[in-house]
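See structure below.
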Amino acid sequence: MIAQRRQKILVIDEINYTRLILDQILTGSGYKVVIARDSGEAMQYISSELPDIILLSLRINDTAGVSTLRVLKDYFRLRLDIAQGAEPAIIILSALKDSRQNREVQSVGVSNILFKPLSMQELLDVLIEAIANKKQVVVHERQKILLLDSETRSQQFLESVLAHDTYDIESADSESEFLARIKHRQFDLSIVDLASLEDNAIEVLTTMRGIAEEMPIVTIANSTDRVSRDDLKQIGIQVHFIKPLNIDVFRTEVDALLRSQLGEEMDMEDEIDSDEKSDEEL
């Protein structure tokens, strides 16, 4: 039974013989197979390339295997670049039919549970069904953040605070460099240290807003800077911080803004899909 497309399957099983058998059968059925012995090897692969389906083998009282499942689910929930519900399907290969362990993995969230000894035909049928029912994985481009901070140490500090698997961070040393970049490229968020501005802060921020109307702007000021929050709100800046930064609050606010941006993009994609379906029905 040959798969129509070369779908990627990640097999996680600590037993070498089982891994080899599954590799041979699935490869012979047209799938691209990647093998992992444990959660560490699995995460090393997943962080660079998403599989379409994950086969996770569990022994009796396999606390390590259940822990691997939880690690996978938590990782997919934190990946902002994967549309909700579009993470790889996870199929459990369980050693027992009726056990508390099976109920536990079902509560964590899996697509299916198959019981050992495996029927290879049943496994292939379940894979085809999982692929047919699986929501298409939509991996969005990494979100782009532009920093404006003229102090190198402060710039490096902010970059370290914002380091994330799905963020690309660029820095501008001057007001003119920052303006040039947002004129020619699109960013999902900008962070501006007002002490780095050469001219009147409100006037410069108004210029920035005029160039990139939809881009959220986060501002940071020294306690001595005289900037009115009302003036900032009038030009569409809702998030403003005073140094020293509360790092947890700062990171939470930035993540929320970027998540909101990603949500708007997904809503637009859903509207396009809906329009295409309407056209097909007509």
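In the structure tokens, chains take the letters A, B, ... in the order shown, each chain's residues start at 1, and ligands count up from 1 in the order shown.
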If we count only C-alpha atoms, what is near Asp231 in chain A at a cut-off of 12 Å, once residues fewer than 6 positions away on the same chain are taken out, given as a PDB file with N, CA and C atoms, in the first residue's frame?
ATOM      1  N   ALA A 201      10.619  62.998  20.403  1.00  0.00           N
ATOM      2  CA  ALA A 201      10.155  61.602  20.415  1.00  0.00           C
ATOM      3  C   ALA A 201       8.802  61.435  19.760  1.00  0.00           C
ATOM      4  N   ILE A 202       7.844  62.278  20.105  1.00  0.00           N
ATOM      5  CA  ILE A 202       6.489  62.138  19.565  1.00  0.00           C
ATOM      6  C   ILE A 202       6.478  62.358  18.055  1.00  0.00           C
ATOM      7  N   GLU A 203       7.261  63.327  17.590  1.00  0.00           N
ATOM      8  CA  GLU A 203       7.310  63.591  16.151  1.00  0.00           C
ATOM      9  C   GLU A 203       7.913  62.398  15.394  1.00  0.00           C
ATOM     10  N   LEU A 205       8.049  59.221  16.438  1.00  0.00           N
ATOM     11  CA  LEU A 205       7.127  58.092  16.537  1.00  0.00           C
ATOM     12  C   LEU A 205       5.937  58.260  15.590  1.00  0.00           C
ATOM     13  N   THR A 206       5.491  59.498  15.419  1.00  0.00           N
ATOM     14  CA  THR A 206       4.408  59.764  14.469  1.00  0.00           C
ATOM     15  C   THR A 206       4.848  59.442  13.051  1.00  0.00           C
ATOM     16  N   ILE A 237       0.303  53.945  20.332  1.00  0.00           N
ATOM     17  CA  ILE A 237       1.277  53.160  21.098  1.00  0.00           C
ATOM     18  C   ILE A 237       0.667  52.832  22.454  1.00  0.00           C
ATOM     19  N   GLN A 238       0.310  51.557  22.634  1.00  0.00           N
ATOM     20  CA  GLN A 238      -0.389  51.130  23.834  1.00  0.00           C
ATOM     21  C   GLN A 238       0.540  50.560  24.908  1.00  0.00           C
ATOM     22  N   HIS A 240       4.101  50.839  26.841  1.00  0.00           N
ATOM     23  CA  HIS A 240       5.220  51.735  27.140  1.00  0.00           C
ATOM     24  C   HIS A 240       5.853  51.293  28.448  1.00  0.00           C
TER      25      HIS A 240
END
If DSSP is run on the backbone, what residues of range 20-244 of chain A are strand (DSSP E)? A reply as an MDAnalysis selection string would be ideal. chainID A and resid 32:36 53:58 89:94 112:115 143:148 167:172 189:193 217:221 239:242
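Of the residues listed (A:Asn112, A:Gln24, A:Gln7, A:Ser67), A:Asn112 shows the shortest atom-to-atom separation from Leu55 in chain A; distances use only C-alpha atoms.
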Can you pull out the residues contacting Ala36 in chain A? Cut-off 12 Å, using only C-alpha atoms, and skip same-chain residues under 4 positions away; I want them as a PDB file with C-alpha atoms, in the first residue's frame.
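File written: result.pdb
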ATOM      1  CA  ILE A   9       6.772   9.773  10.142  1.00  0.00           C
ATOM      2  CA  LEU A  10       8.791  10.021  13.340  1.00  0.00           C
ATOM      3  CA  VAL A  11       9.067   6.706  15.200  1.00  0.00           C
ATOM      4  CA  ILE A  12      10.001   6.943  18.897  1.00  0.00           C
ATOM      5  CA  ASP A  13      10.896   3.565  20.405  1.00  0.00           C
ATOM      6  CA  GLU A  14      13.767   2.620  22.698  1.00  0.00           C
ATOM      7  CA  ILE A  15      13.918  -0.954  21.380  1.00  0.00           C
ATOM      8  CA  ASN A  16      16.233  -1.234  18.386  1.00  0.00           C
ATOM      9  CA  THR A  18      11.093  -2.640  16.864  1.00  0.00           C
ATOM     10  CA  ARG A  19      12.482   0.531  15.334  1.00  0.00           C
ATOM     11  CA  LEU A  20      14.092  -1.419  12.497  1.00  0.00           C
ATOM     12  CA  LEU A  22       8.752  -0.228  11.664  1.00  0.00           C
ATOM     13  CA  ASP A  23      11.357   1.560   9.556  1.00  0.00           C
ATOM     14  CA  GLY A  40      15.940  14.008  23.390  1.00  0.00           C
ATOM     15  CA  GLU A  41      16.507  12.593  19.919  1.00  0.00           C
ATOM     16  CA  ALA A  42      12.871  13.248  19.003  1.00  0.00           C
ATOM     17  CA  MET A  43      13.048  16.923  19.991  1.00  0.00           C
ATOM     18  CA  GLN A  44      16.342  17.355  18.157  1.00  0.00           C
ATOM     19  CA  TYR A  45      14.596  16.342  14.925  1.00  0.00           C
ATOM     20  CA  ILE A  46      11.301  18.133  15.538  1.00  0.00           C
ATOM     21  CA  ILE A  54       4.528  10.626  15.306  1.00  0.00           C
ATOM     22  CA  LEU A  55       4.459   6.972  16.377  1.00  0.00           C
ATOM     23  CA  LEU A  56       5.271   6.710  20.099  1.00  0.00           C
ATOM     24  CA  SER A  57       5.799   3.240  21.527  1.00  0.00           C
ATOM     25  CA  THR A  68       7.895  12.190  26.201  1.00  0.00           C
TER      26      THR A  68
END
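Interatomic distance, CA of Lys32 in chain A to CA of Arg6 in chain A: 6.0 Å.
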Secondary structure check, alpha helix (DSSP H) residues of range 77-112 of chain A, as an mmCIF file with C-alpha atoms, in the first residue's frame:
data_model
loop_
_atom_site.group_PDB
_atom_site.id
_atom_site.type_symbol
_atom_site.label_atom_id
_atom_site.label_comp_id
_atom_site.auth_asym_id
_atom_site.auth_seq_id
_atom_site.Cartn_x
_atom_site.Cartn_y
_atom_site.Cartn_z
ATOM 1 C CA ARG A 77 1.396 24.353 22.145
ATOM 2 C CA LEU A 78 4.282 26.819 22.494
ATOM 3 C CA ARG A 100 -4.461 3.598 33.570
ATOM 4 C CA GLN A 101 -1.563 4.553 31.309
ATOM 5 C CA ASN A 102 -3.824 4.493 28.229
ATOM 6 C CA ARG A 103 -6.379 6.674 29.982
ATOM 7 C CA GLU A 104 -3.600 9.078 30.925
ATOM 8 C CA VAL A 105 -2.296 9.462 27.371
ATOM 9 C CA GLN A 106 -5.841 9.953 26.115
ATOM 10 C CA SER A 107 -6.294 12.811 28.587
ATOM 11 C CA VAL A 108 -3.026 14.395 27.383
#
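Excluding Lys183 in chain A and any residue on its chain fewer than 6 positions from it, the residues at most 12 Å away by only C-alpha atoms are Ser176, Glu177, Thr207, Met208, Arg209, Gly210, Ile211, Ala212, Glu213 and Met215 of chain A.
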All residues 8 Å or closer to Val161 in chain A, only C-alpha atoms, same chain fewer than 2 positions away omitted, as a PDB file with N, CA and C atoms, in the first residue's frame:
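To be explicit, this is the file written out as part_25.pdb:
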ATOM      1  N   PHE A 157      21.283  43.089  25.473  1.00  0.00           N
ATOM      2  CA  PHE A 157      20.438  42.629  26.581  1.00  0.00           C
ATOM      3  C   PHE A 157      19.014  42.356  26.094  1.00  0.00           C
ATOM      4  N   LEU A 158      18.452  43.284  25.329  1.00  0.00           N
ATOM      5  CA  LEU A 158      17.096  43.096  24.809  1.00  0.00           C
ATOM      6  C   LEU A 158      17.027  41.899  23.865  1.00  0.00           C
ATOM      7  N   GLU A 159      18.055  41.727  23.055  1.00  0.00           N
ATOM      8  CA  GLU A 159      18.087  40.574  22.148  1.00  0.00           C
ATOM      9  C   GLU A 159      18.075  39.265  22.927  1.00  0.00           C
ATOM     10  N   ALA A 163      15.064  36.381  22.862  1.00  0.00           N
ATOM     11  CA  ALA A 163      15.458  35.194  22.093  1.00  0.00           C
ATOM     12  C   ALA A 163      14.350  34.154  22.115  1.00  0.00           C
ATOM     13  N   ILE A 247      11.464  42.277  33.478  1.00  0.00           N
ATOM     14  CA  ILE A 247      11.699  41.411  32.331  1.00  0.00           C
ATOM     15  C   ILE A 247      10.515  40.492  32.051  1.00  0.00           C
ATOM     16  N   ARG A 251       8.506  40.677  28.524  1.00  0.00           N
ATOM     17  CA  ARG A 251       8.445  39.534  27.612  1.00  0.00           C
ATOM     18  C   ARG A 251       6.995  39.087  27.391  1.00  0.00           C
TER      19      ARG A 251
END
10 Å contact set for Pro244 in chain A, only C-alpha atoms, chain neighbours under 2 positions out, as a ChimeraX atom specification: /A:220-223,241-242,246-247
Write a file of the just-selected residues containing N, CA and C atoms, as a short mmCIF file (atom, residue, chain, number, x, y, z; two decimals), in the first residue's frame.
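The result, stored in again.cif:
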data_model
loop_
_atom_site.label_atom_id
_atom_site.label_comp_id
_atom_site.auth_asym_id
_atom_site.auth_seq_id
_atom_site.Cartn_x
_atom_site.Cartn_y
_atom_site.Cartn_z
N ILE A 220 10.36 52.30 25.18
CA ILE A 220 11.06 52.20 26.46
C ILE A 220 11.67 53.57 26.76
N ALA A 221 11.50 54.03 27.99
CA ALA A 221 12.03 55.35 28.34
C ALA A 221 12.75 55.29 29.68
N ASN A 222 13.68 56.23 29.87
CA ASN A 222 14.28 56.41 31.19
C ASN A 222 13.27 57.10 32.10
N SER A 223 13.46 56.96 33.38
CA SER A 223 12.51 57.58 34.32
C SER A 223 12.53 59.10 34.22
N PHE A 241 7.18 51.22 28.49
CA PHE A 241 7.90 50.76 29.67
C PHE A 241 8.86 51.83 30.16
N ILE A 242 9.02 51.87 31.48
CA ILE A 242 9.99 52.75 32.12
C ILE A 242 11.11 51.89 32.69
N ASN A 246 10.84 45.42 34.05
CA ASN A 246 10.44 44.16 34.65
C ASN A 246 10.45 43.14 33.50
N ILE A 247 11.46 42.28 33.48
CA ILE A 247 11.70 41.41 32.33
C ILE A 247 10.51 40.49 32.05
#
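Nearest-residue note for Phe115 in chain A: choosing from A:Leu127, A:Val192, A:Ser228, A:Leu93, the minimum distance belongs to A:Leu93, counting only C-alpha atoms.
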Separation of CA of Ile91 in chain A and CA of Phe76 in chain A, in Å? 15.2 Å
